[in-house]
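K.L.:
Next comes the structure file run.cif, holding mmCIF, C-alpha atoms and all ligand atoms.
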```
data_input
loop_
_atom_site.label_atom_id
_atom_site.label_comp_id
_atom_site.auth_asym_id
_atom_site.auth_seq_id
_atom_site.Cartn_x
_atom_site.Cartn_y
_atom_site.Cartn_z
CA MET A 1 103.33 99.92 92.30
CA SER A 2 104.38 98.04 95.40
CA ILE A 3 102.97 97.63 98.90
CA GLN A 4 105.38 98.81 101.58
CA TYR A 5 105.66 97.67 105.18
CA PRO A 6 107.79 99.56 107.73
CA ILE A 7 109.86 97.10 109.78
CA GLY A 8 109.60 98.17 113.41
CA GLU A 9 111.77 101.15 114.29
CA SER A 10 114.59 99.98 112.02
CA GLY A 11 113.95 102.57 109.30
CA GLN A 12 113.76 99.66 106.86
CA PHE A 13 110.82 98.81 104.63
CA LEU A 14 109.69 95.56 103.17
CA ALA A 15 108.35 96.25 99.68
CA ILE A 16 106.32 93.70 97.73
CA GLU A 17 106.62 94.47 94.03
CA GLN A 18 103.72 94.51 91.59
CA ASN A 19 104.59 91.31 89.71
CA VAL A 20 104.65 89.46 93.05
CA LEU A 21 101.22 90.89 93.95
CA ASP A 22 99.97 89.82 90.50
CA HIS A 23 101.24 86.29 91.13
CA PHE A 24 99.36 86.20 94.47
CA VAL A 25 96.15 87.43 92.82
CA LYS A 26 96.33 84.57 90.34
CA TRP A 27 96.32 81.96 93.13
CA ARG A 28 93.80 83.53 95.55
CA GLN A 29 91.27 80.90 96.66
CA VAL A 30 88.29 82.83 95.39
CA ASP A 31 86.62 79.72 93.99
CA PRO A 32 85.54 77.31 96.77
CA LYS A 33 87.09 74.40 94.88
CA MET A 34 90.56 75.94 94.54
CA PRO A 35 93.23 74.23 96.64
CA GLU A 36 95.82 76.09 98.68
CA ALA A 37 98.86 77.25 96.74
CA GLY A 38 102.24 78.45 97.83
CA GLY A 39 105.89 78.85 97.08
CA GLN A 40 108.96 80.85 97.88
CA LEU A 41 109.80 84.56 98.01
CA PHE A 42 112.99 86.06 96.63
CA GLY A 43 114.44 89.51 96.38
CA ALA A 44 117.28 91.86 97.14
CA VAL A 45 118.16 94.45 99.75
CA GLU A 46 118.41 97.90 98.15
CA GLY A 47 119.37 100.55 100.68
CA GLN A 48 116.66 100.68 103.31
CA PHE A 49 114.31 98.64 101.11
CA ILE A 50 113.96 94.91 101.29
CA GLN A 51 112.49 94.33 97.86
CA VAL A 52 110.43 91.19 97.31
CA LYS A 53 110.90 90.72 93.57
CA LEU A 54 109.80 87.19 92.78
CA ALA A 55 107.24 84.69 94.04
CA THR A 56 107.59 81.12 92.80
CA GLY A 57 105.25 78.13 92.95
CA PRO A 58 103.05 76.27 93.23
CA ARG A 59 104.63 73.37 91.37
CA ARG A 60 103.28 69.99 90.23
CA SER A 61 105.20 68.05 92.87
CA ASP A 62 103.63 69.99 95.79
CA ARG A 63 100.77 68.37 97.72
CA ARG A 64 97.78 70.69 97.69
CA GLY A 65 94.34 70.57 99.31
CA ARG A 66 91.65 73.06 100.23
CA PHE A 67 93.12 73.48 103.73
CA PHE A 68 96.70 72.35 103.32
CA PHE A 69 99.76 72.92 101.22
CA VAL A 70 102.93 70.83 101.47
CA ALA A 71 105.73 72.07 99.28
CA ASP A 72 108.29 69.91 97.50
CA ARG A 73 111.22 70.91 99.74
CA LEU A 74 113.89 69.32 97.59
CA ALA A 75 112.80 71.28 94.52
CA GLU A 76 112.64 74.40 96.69
CA ARG A 77 116.23 74.00 97.84
CA ARG A 78 117.36 73.62 94.24
CA GLU A 79 115.44 76.77 93.36
CA ILE A 80 117.16 78.71 96.16
CA SER A 81 120.63 77.91 94.86
CA THR A 82 119.71 78.54 91.20
CA LEU A 83 118.19 81.95 91.89
CA HIS A 84 121.02 82.90 94.22
CA LYS A 85 123.35 82.80 91.23
CA SER A 86 121.26 85.49 89.55
CA GLY A 87 121.37 87.72 92.63
CA LEU A 88 117.97 86.85 94.07
CA HIS A 89 118.07 85.98 97.74
CA TYR A 90 115.65 83.68 99.49
CA PHE A 91 113.48 85.64 101.96
CA GLY A 92 110.75 83.21 102.96
CA ASP A 93 107.53 81.51 101.91
CA TRP A 94 104.00 82.36 100.81
CA HIS A 95 100.79 80.37 100.72
CA THR A 96 97.08 80.97 100.30
CA HIS A 97 94.21 80.55 102.76
CA PRO A 98 90.51 80.26 101.91
CA GLN A 99 89.86 83.28 104.17
CA CYS A 100 89.02 86.87 103.36
CA ILE A 101 91.50 88.35 105.82
CA PRO A 102 94.04 85.60 106.36
CA THR A 103 95.38 84.72 109.81
CA PRO A 104 98.24 82.28 110.41
CA SER A 105 97.40 78.86 111.82
CA ALA A 106 99.30 77.37 114.76
CA THR A 107 101.01 75.10 112.22
CA ASP A 108 102.06 78.09 110.12
CA ILE A 109 103.73 79.72 113.14
CA LEU A 110 105.47 76.50 114.21
CA SER A 111 106.76 75.66 110.75
CA MET A 112 108.17 79.19 110.32
CA ALA A 113 110.08 78.91 113.60
CA ASP A 114 111.34 75.53 112.48
CA LEU A 115 112.39 76.82 109.06
CA PHE A 116 114.15 79.77 110.67
CA ALA A 117 116.19 77.39 112.76
CA ARG A 118 117.06 75.12 109.81
CA SER A 119 117.45 77.47 106.84
CA LYS A 120 120.13 79.68 105.49
CA HIS A 121 118.65 83.04 104.68
CA GLU A 122 119.65 86.60 103.96
CA LEU A 123 117.44 88.34 106.50
CA ASN A 124 117.54 88.43 110.29
CA ALA A 125 114.06 87.00 110.15
CA PHE A 126 112.07 84.73 107.94
CA LEU A 127 109.27 86.24 105.84
CA MET A 128 105.82 84.68 105.66
CA VAL A 129 103.05 85.97 103.41
CA ILE A 130 99.55 84.49 103.53
CA VAL A 131 97.24 85.39 100.68
CA GLY A 132 93.53 85.70 101.45
CA THR A 133 90.68 86.55 99.11
CA ALA A 134 90.11 90.23 100.04
CA VAL A 135 91.73 92.99 97.99
CA PHE A 136 95.26 93.89 99.04
CA PRO A 137 96.65 95.04 101.39
CA GLU A 138 93.75 93.84 103.59
CA GLY A 139 93.86 90.39 101.99
CA LEU A 140 97.54 89.90 102.77
CA HIS A 141 99.09 88.71 106.01
CA VAL A 142 102.78 89.64 106.18
CA SER A 143 104.96 88.65 109.11
CA LEU A 144 108.59 88.21 110.12
CA HIS A 145 109.62 85.13 112.08
CA GLU A 146 112.56 84.26 114.26
CA ALA A 147 113.23 81.12 116.27
CA SER A 148 111.00 82.07 119.21
CA SER A 149 109.15 85.23 118.21
CA TRP A 150 107.31 86.72 115.27
CA SER A 151 105.67 90.01 114.36
CA LYS A 152 102.95 90.99 111.94
CA LEU A 153 103.77 93.89 109.62
CA ALA A 154 101.21 96.56 108.78
CA SER A 155 101.39 98.28 105.41
CA LYS A 156 102.13 101.99 105.21
CA ASN A 157 98.68 102.67 103.76
CA SER A 158 96.75 100.83 106.47
CA GLN A 159 98.48 102.51 109.42
ZN ZN A 201 98.47 78.64 106.54
#
```
Could I get this file's structure written as structure tokens?
Ligand SMILES: [Zn+2]
P.N.:
Amino acid sequence: MSIQYPIGESGQFLAIEQNVLDHFVKWRQVDPKMPEAGGQLFGAVEGQFIQVKLATGPRRSDRRGRFFFVADRLAERREISTLHKSGLHYFGDWHTHPQCIPTPSATDILSMADLFARSKHELNAFLMVIVGTAVFPEGLHVSLHEASSWSKLASKNSQ
């Protein structure tokens, strides 16, 4: 099973595979003491499908609190080049929020625009997933970010 998100009028779909959803479930902030978690998203383009196949993180060297998550960027860059060799392309980032239905913070939006400007990536836009505590797809925020604009994706099932 995967959750699929049509991308505008492009005829393309973003598909989040089951093992990635399982990884998100593991880190949902359902317990009030759980800190935010996050990591990177990798996958491959298969025809009209942009398949998100792997979610990494969090790692020990990240800084994590109830309302913040600061990733170890050096380790992340190493991860991007390692996984690239096995055919997995870097698509973007994920992190959790202690919210039922997650909404991006102003900082989230700004840092995505900044990352888009600074990063090498395989998509025309940078993917951000925020994991809330509600069941999916309601508990997932999925958006695509460019330097000066972004758009929220709605899953096929919730349209
Ligand atoms: Zn956030």
K.L.:
Pick out the residues sitting within 12 Å of stretch 142-151 of chain A, and hand them over as a PyMOL selection string; count only C-alpha atoms, and ignore anything fewer than 6 positions along from it in its own chain.
P.N.:
chain A and resi 3-8+14-16+41+52+91-96+101-104+108-119+121+123-132+136
K.L.:
Go through A:His97, A:Lys33, A:Arg73, A:Arg28 one by one, measure the shortest atom-to-atom distance of each to ligand ZN 201 (chain A) using all atoms listed in the file, and give the residue with the smallest value.
P.N.:
A:His97
K.L.:
I'd like to know which of A:Leu54, A:Leu74, A:Val45, A:Ala37 is closest to ligand ZN 201 (chain A), using only C-alpha atoms and all ligand atoms.
P.N.:
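Between A:Leu54, A:Leu74, A:Val45, A:Ala37, the residue approaching ligand ZN 201 (chain A) most closely is A:Ala37.
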K.L.:
Of the residues A:Gln40, A:Ser81, A:Thr107, A:Asn19, which is the one nearest to A:Thr56, using all atoms listed in the file?
P.N.:
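Between A:Gln40, A:Ser81, A:Thr107, A:Asn19, the residue approaching A:Thr56 most closely is A:Gln40.
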K.L.:
With all atoms listed in the file as the atoms that count, which of A:Met1, A:Ala55, A:Ala154, A:Val135 lies nearest to A:Gln99?
P.N.:
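Closest residue, counting all atoms listed in the file: A:Val135.
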K.L.:
What is the distance, in Å and to one decimal place, between atom CA of A:Gly39 and atom CA of A:Glu76?
P.N.:
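Between these atoms lies a distance of 8.1 Å.
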K.L.:
Using only C-alpha atoms and all ligand atoms, which of the listed residues (A:Lys53, A:His89, A:His141, A:Arg59) sits closest to ligand ZN 201 (chain A)?
P.N.:
A:His141
K.L.:
So, counting only C-alpha atoms, which residue among A:Thr133, A:Ala71, A:Thr82, A:Phe49 is closest to A:Phe24?
P.N.:
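Of A:Thr133, A:Ala71, A:Thr82, A:Phe49, the one nearest A:Phe24, counting only C-alpha atoms, is A:Thr133.
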K.L.:
Tell me, in Å to one decimal, how far atom CA of A:Gly43 is from atom CA of A:Ala134.
P.N.:
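These atoms are spaced 24.6 Å apart.
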K.L.:
How many Å separate atom CA of A:Glu36 from atom CA of A:Arg66?
P.N.:
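So the two atoms, atom CA of A:Glu36 and atom CA of A:Arg66, lie 5.4 Å apart.
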